[in-house]
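Notes to accompany the following structure.
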Amino acid sequence: MVKLIASDLDGTLLQNGLTEVSDRAIDLIKKLHEYGVIFAPASGRQLSGLRRLFSPVADNLVYICLNGAYVKYRNEVIYKEAMNREKCIELLKSIKEKKECGFLLYTEEVSYTMADNDIYSESVKDDIKNDYICINDFDEIKGNILKISIYHKGETEILKDYLSEKFDGEFKVTVSGKNFIDVVSKDVNKGKSLQKVKERFNIETDFAMCFGDSFNDLEMFDVVYFSYAMTHSDSEIRKKARYLTGNVEDILYDVFKMLELG
C-alpha cells in the first residue's frame, strides 16, 4: 500500500492558475496522514512559502524545496545541496549587467533580490509570496546559496543557452516557465531528493507515488512505482510515467478510500 506521495505544485496540484491549495486537498492530506501516509510537496518554491500554502497540515509534511536542493521534515534537514558561492556571484554579476533581467536568490529560509530590482520584486511579493530581503551588495547574502531564479523579459532560451555554456559543469540551467530560468547545483533534481526521503523513512519503491507535469519532475518518476503525469503534459513526459491523471485530488481520494476499506 502507498506510504509516500510526492507532488509537484504549479500545473499539477495547482492547475489553471490557482495559487491556493484547495480545502479538499488539505482534508485528504490530513486523512492520509492519519493512515501513516507521508505527503511531500516537491516544488521550486522556498520552505516558508510552502508551509503557508499547506498551513493546516504544515507540520506533518516533508518539503522538497527549490527543485530538490533542500529537503526538510519538521526540524530535520534530510538533504541539502549548496552551490559554489564564488561562481554564483559571478553569475549574478553577469545577470545584473543585462537589461530587463532580474533574479531571486534562495538560501535555506529566505530569498534575496537587489533593492533596485523592481522586475522581480513585485512578482515575489504579489504572486509567489516569498520571504525575501532586498540587498544593495552581494556581500549581504547570508547562508548557503541553494537556487537562483532568473526573470528575463527577452528571449529566455537564448539566455539559458548563454548561461549553460558559460557555467558548463558547474550548474544546471533550465527554463522553468515563461520568462523564468532556474539555476541549481548540477547534481540537484527532485528525484534524488525523493530518494533521500524514501531512505529516511525506509519506504520501498513499490510503496511510493508521485505526480508531475514538467521535465524537472521526470527524475521522480524513476524512483517510485506509482508515477503519474498530468494529462496536459508534454507527450515525452506522459510516456515516462506509468499512469496519467487529470486531477491529483481524485487519486488522493482513491488512495484514501483503499486505506479506509482496509
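Ordering of the C-alpha cells sets the chain letters (A, B, ...), residue numbers begin anew at 1 in every chain, and ligands are numbered from 1 in the order given.
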
Margin query: Taking 4 positions as the minimum chain separation for residues in the same chain, which residues sit within 9 Å of stretch 205-221 of chain A when counting only C-alpha atoms? Answer as a PyMOL selection string.
Written below: chain A and resi 1-13+42+67+174+176+189-195+198+225-234+236-238+240-242+245+248

Write a file of the just-selected residues containing C-alpha atoms, as a PDB file, in the first residue's frame.
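Listed below is the output, again.pdb:
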```pdb
ATOM      1  CA  MET A   1       0.000   0.000   0.000  1.00  0.00           C
ATOM      2  CA  VAL A   2       1.133   3.575  -0.668  1.00  0.00           C
ATOM      3  CA  LYS A   3       3.176   5.097   2.147  1.00  0.00           C
ATOM      4  CA  LEU A   4       4.689   8.159   0.457  1.00  0.00           C
ATOM      5  CA  ILE A   5       3.159  10.642  -2.016  1.00  0.00           C
ATOM      6  CA  ALA A   6       5.140  13.475  -3.625  1.00  0.00           C
ATOM      7  CA  SER A   7       3.532  16.082  -5.833  1.00  0.00           C
ATOM      8  CA  ASP A   8       4.691  18.970  -7.939  1.00  0.00           C
ATOM      9  CA  LEU A   9       2.582  22.102  -7.418  1.00  0.00           C
ATOM     10  CA  ASP A  10       2.214  24.525 -10.336  1.00  0.00           C
ATOM     11  CA  GLY A  11       0.442  22.788 -13.189  1.00  0.00           C
ATOM     12  CA  THR A  12      -0.033  19.640 -11.105  1.00  0.00           C
ATOM     13  CA  LEU A  13      -1.710  20.030  -7.708  1.00  0.00           C
ATOM     14  CA  ALA A  42       8.015  18.877  -4.488  1.00  0.00           C
ATOM     15  CA  ASN A  67      13.696  21.817  -7.146  1.00  0.00           C
ATOM     16  CA  THR A 174      16.669  25.065 -17.012  1.00  0.00           C
ATOM     17  CA  SER A 176      11.083  26.835 -15.614  1.00  0.00           C
ATOM     18  CA  ASN A 189      16.923  17.158  -9.004  1.00  0.00           C
ATOM     19  CA  LYS A 190      13.599  16.241  -7.395  1.00  0.00           C
ATOM     20  CA  GLY A 191      14.137  12.520  -7.942  1.00  0.00           C
ATOM     21  CA  LYS A 192      17.382  12.445  -5.999  1.00  0.00           C
ATOM     22  CA  SER A 193      15.706  14.267  -3.124  1.00  0.00           C
ATOM     23  CA  LEU A 194      12.661  11.996  -3.191  1.00  0.00           C
ATOM     24  CA  GLN A 195      15.004   9.018  -2.980  1.00  0.00           C
ATOM     25  CA  LYS A 198      12.392   7.182   0.860  1.00  0.00           C
ATOM     26  CA  TYR A 225       6.249   2.730  -8.794  1.00  0.00           C
ATOM     27  CA  PHE A 226       3.082   4.833  -8.970  1.00  0.00           C
ATOM     28  CA  SER A 227       4.289   7.620 -11.275  1.00  0.00           C
ATOM     29  CA  TYR A 228       1.556   9.940 -12.568  1.00  0.00           C
ATOM     30  CA  ALA A 229       1.914  12.512 -15.336  1.00  0.00           C
ATOM     31  CA  MET A 230      -0.807  15.096 -15.819  1.00  0.00           C
ATOM     32  CA  THR A 231      -2.866  14.603 -18.975  1.00  0.00           C
ATOM     33  CA  HIS A 232      -1.934  18.079 -20.231  1.00  0.00           C
ATOM     34  CA  SER A 233       1.808  17.318 -20.005  1.00  0.00           C
ATOM     35  CA  ASP A 234       4.164  17.149 -22.957  1.00  0.00           C
ATOM     36  CA  GLU A 236       7.531  12.895 -23.668  1.00  0.00           C
ATOM     37  CA  ILE A 237       6.581  13.398 -20.029  1.00  0.00           C
ATOM     38  CA  ARG A 238       3.426  11.306 -20.406  1.00  0.00           C
ATOM     39  CA  LYS A 240       7.806   8.412 -18.926  1.00  0.00           C
ATOM     40  CA  ALA A 241       5.012   7.970 -16.388  1.00  0.00           C
ATOM     41  CA  ARG A 242       3.288   4.692 -15.585  1.00  0.00           C
ATOM     42  CA  THR A 245      -4.427  11.716 -14.416  1.00  0.00           C
ATOM     43  CA  VAL A 248      -4.268  14.864  -8.291  1.00  0.00           C
TER      44      VAL A 248
END
```

Counting only C-alpha atoms, which residues in stretch 139-177 of chain A sit no more than 9 Å from stretch 69-83 of chain A? For each one, give the nearest pair of atoms and the distance in Å, sorted by chain then residue number, as a Markdown table.
```
| residue | atom | partner | partner_atom | distance |
| --- | --- | --- | --- | --- |
| A:Asn144 | CA | A:Ala82 | CA | 5.8 |
| A:Ile145 | CA | A:Met83 | CA | 5.6 |
| A:Leu146 | CA | A:Ala82 | CA | 4.8 |
| A:Lys147 | CA | A:Ala69 | CA | 7.3 |
| A:Glu170 | CA | A:Met83 | CA | 8.4 |
| A:Phe171 | CA | A:Met83 | CA | 7.9 |
```

Once you have the residues from the selection above, write them out as a compact mmCIF listing (two decimals), in the first residue's frame, restricted to C-alpha atoms.
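The resulting file, part_9.txt, is reproduced below:
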```txt
# COMPACT_ATOMS: atom_id res chain seq x y z
CA ASN A 144 24.18 28.73 1.66
CA ILE A 145 23.07 29.58 -1.86
CA LEU A 146 20.77 26.77 -2.99
CA LYS A 147 18.99 28.14 -6.05
CA GLU A 170 29.05 23.87 -12.51
CA PHE A 171 25.30 24.50 -12.62
```

Notebook entry, point to check: Among stretch 27-221 of chain A, which ones does DSSP place in strand (DSSP E or B), written as a PyMOL selection string?
Noted result: chain A and resi 38-42+62-65+70-73+76-80+101-106+111-114+132-135+147-152+171-177+180-185+208-212

Margin query: Between A:Leu66, A:Glu34, A:Val184, A:Ala25, which residue has the minimum interatomic distance to A:Cys88, considering only C-alpha atoms?
Written below: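 Among the listed residues, A:Val184 lies closest to A:Cys88.
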
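Atom CA of A:Gly154 is positioned 10.2 Å from atom CA of A:Phe180.
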
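If you measure from each of A:Pro56, A:Gly68, A:Gly102, A:Gly17 to A:Ala40 using only C-alpha atoms, the closest one turns out to be A:Gly68.
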
Next item on the list: Could you check how far atom CA of A:Lys153 sits from atom CA of A:Ile133, in Å to one decimal?
Entry: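 Here the two named atoms are 22.3 Å from each other.
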
Margin query: Please compute the atom CA of A:Leu259-atom CA of A:Phe54 distance, one decimal, in Å.
Written below: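 Atom-to-atom, atom CA of A:Leu259 and atom CA of A:Phe54 are spaced 22.4 Å apart.
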
Next item on the list: Just the residues within 10 Å of A:Asp27, please, counting only C-alpha atoms, with nothing from its chain fewer than 5 positions along; format it as an MDAnalysis selection string.
Entry: chainID A and resid 22 32:33 56:57 253

Create the file for the chosen residues now, containing N, CA and C atoms and written as a tab-separated table (two decimals), in the first residue's frame.
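Final output, saved to again-v9.tsv:
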```tsv
chain	number	residue	atom	x	y	z
A	22	SER	N	-6.52	23.63	-2.39
A	22	SER	CA	-7.95	23.53	-2.08
A	22	SER	C	-8.20	22.91	-0.72
A	32	LEU	N	-4.96	11.10	4.94
A	32	LEU	CA	-3.89	10.17	4.58
A	32	LEU	C	-2.83	10.10	5.68
A	33	HIS	N	-2.53	11.25	6.28
A	33	HIS	CA	-1.56	11.28	7.37
A	33	HIS	C	-2.03	10.40	8.53
A	56	PRO	N	-2.66	24.32	7.31
A	56	PRO	CA	-3.41	23.45	8.23
A	56	PRO	C	-2.72	22.12	8.52
A	57	VAL	N	-1.81	21.69	7.63
A	57	VAL	CA	-1.12	20.40	7.81
A	57	VAL	C	0.40	20.59	7.76
A	253	TYR	N	-7.90	10.79	-3.25
A	253	TYR	CA	-9.15	10.25	-2.71
A	253	TYR	C	-9.20	8.73	-2.87
```

Check: Could you pull out all residues of stretch 81-260 of chain A with a DSSP call of helix (DSSP H, G or I) and give them as a VMD selection string?
Finding: chain A and resid 85 to 96 118 to 128 138 to 140 156 to 166 190 to 200 205 to 207 215 to 221 235 to 240 248 to 260

Write the residues of the selection above to a file with C-alpha atoms, as an mmCIF file, in the first residue's frame.
```cif
data_model
loop_
_atom_site.group_PDB
_atom_site.id
_atom_site.type_symbol
_atom_site.label_atom_id
_atom_site.label_comp_id
_atom_site.auth_asym_id
_atom_site.auth_seq_id
_atom_site.Cartn_x
_atom_site.Cartn_y
_atom_site.Cartn_z
ATOM 1 C CA ARG A 85 29.310 30.804 -3.815
ATOM 2 C CA GLU A 86 32.021 32.440 -5.937
ATOM 3 C CA LYS A 87 30.527 31.073 -9.151
ATOM 4 C CA CYS A 88 27.065 32.228 -8.037
ATOM 5 C CA ILE A 89 28.304 35.796 -7.531
ATOM 6 C CA GLU A 90 29.936 35.662 -10.954
ATOM 7 C CA LEU A 91 26.626 34.545 -12.475
ATOM 8 C CA LEU A 92 24.668 37.235 -10.632
ATOM 9 C CA LYS A 93 27.012 39.956 -11.810
ATOM 10 C CA SER A 94 26.598 38.836 -15.410
ATOM 11 C CA ILE A 95 22.812 38.865 -14.949
ATOM 12 C CA LYS A 96 22.821 42.309 -13.359
ATOM 13 C CA ASP A 118 11.566 46.084 -9.452
ATOM 14 C CA ILE A 119 11.120 43.494 -12.222
ATOM 15 C CA TYR A 120 11.283 40.574 -9.797
ATOM 16 C CA SER A 121 10.275 42.181 -6.500
ATOM 17 C CA GLU A 122 6.632 42.700 -7.449
ATOM 18 C CA SER A 123 6.253 39.112 -8.660
ATOM 19 C CA VAL A 124 7.762 37.770 -5.447
ATOM 20 C CA LYS A 125 5.577 39.902 -3.237
ATOM 21 C CA ASP A 126 2.259 39.520 -5.029
ATOM 22 C CA ASP A 127 2.357 36.108 -6.722
ATOM 23 C CA ILE A 128 4.959 33.831 -5.149
ATOM 24 C CA PHE A 138 26.181 40.674 -2.872
ATOM 25 C CA ASP A 139 28.174 40.639 0.389
ATOM 26 C CA GLU A 140 24.873 40.987 2.244
ATOM 27 C CA THR A 156 14.637 33.080 -22.348
ATOM 28 C CA GLU A 157 16.123 30.225 -24.370
ATOM 29 C CA ILE A 158 18.972 32.449 -25.582
ATOM 30 C CA LEU A 159 19.839 33.469 -22.023
ATOM 31 C CA LYS A 160 19.568 29.846 -20.862
ATOM 32 C CA ASP A 161 21.983 28.686 -23.576
ATOM 33 C CA TYR A 162 24.399 31.508 -22.707
ATOM 34 C CA LEU A 163 24.450 30.604 -19.004
ATOM 35 C CA SER A 164 24.657 26.866 -19.714
ATOM 36 C CA GLU A 165 27.749 27.387 -21.849
ATOM 37 C CA LYS A 166 29.378 29.910 -19.521
ATOM 38 C CA LYS A 190 13.599 16.241 -7.395
ATOM 39 C CA GLY A 191 14.137 12.520 -7.942
ATOM 40 C CA LYS A 192 17.382 12.445 -5.999
ATOM 41 C CA SER A 193 15.706 14.267 -3.124
ATOM 42 C CA LEU A 194 12.661 11.996 -3.191
ATOM 43 C CA GLN A 195 15.004 9.018 -2.980
ATOM 44 C CA LYS A 196 16.561 10.600 0.134
ATOM 45 C CA VAL A 197 13.072 10.842 1.651
ATOM 46 C CA LYS A 198 12.392 7.182 0.860
ATOM 47 C CA GLU A 199 15.645 6.180 2.556
ATOM 48 C CA ARG A 200 14.960 8.381 5.594
ATOM 49 C CA THR A 205 9.816 1.993 -4.360
ATOM 50 C CA ASP A 206 6.641 -0.120 -4.682
ATOM 51 C CA PHE A 207 5.002 1.926 -1.908
ATOM 52 C CA PHE A 215 10.611 17.940 -17.348
ATOM 53 C CA ASN A 216 12.020 18.746 -13.900
ATOM 54 C CA ASP A 217 9.628 16.111 -12.495
ATOM 55 C CA LEU A 218 10.921 13.247 -14.634
ATOM 56 C CA GLU A 219 13.567 12.072 -12.162
ATOM 57 C CA MET A 220 10.812 11.487 -9.593
ATOM 58 C CA PHE A 221 9.176 9.005 -11.980
ATOM 59 C CA SER A 235 3.982 13.780 -24.746
ATOM 60 C CA GLU A 236 7.531 12.895 -23.668
ATOM 61 C CA ILE A 237 6.581 13.398 -20.029
ATOM 62 C CA ARG A 238 3.426 11.306 -20.406
ATOM 63 C CA LYS A 239 5.459 8.472 -21.928
ATOM 64 C CA LYS A 240 7.806 8.412 -18.926
ATOM 65 C CA VAL A 248 -4.268 14.864 -8.291
ATOM 66 C CA GLU A 249 -7.030 15.137 -5.708
ATOM 67 C CA ASP A 250 -9.029 12.334 -7.320
ATOM 68 C CA ILE A 251 -6.077 9.949 -6.967
ATOM 69 C CA LEU A 252 -5.504 11.056 -3.361
ATOM 70 C CA TYR A 253 -9.154 10.250 -2.706
ATOM 71 C CA ASP A 254 -8.778 6.794 -4.277
ATOM 72 C CA VAL A 255 -5.752 6.056 -2.089
ATOM 73 C CA PHE A 256 -7.644 7.194 0.999
ATOM 74 C CA LYS A 257 -10.688 5.014 0.179
ATOM 75 C CA MET A 258 -8.487 1.945 -0.325
ATOM 76 C CA LEU A 259 -6.858 2.558 3.073
ATOM 77 C CA GLU A 260 -10.240 3.164 4.687
#
```

Notebook entry, point to check: With only C-alpha atoms as the basis for distance, which of A:Ala115, A:Ile135, A:Val188, A:Ile150 is at the shortest distance from A:Lys98?
Noted result: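 Under the stated criterion, the closest residue is A:Ile150.
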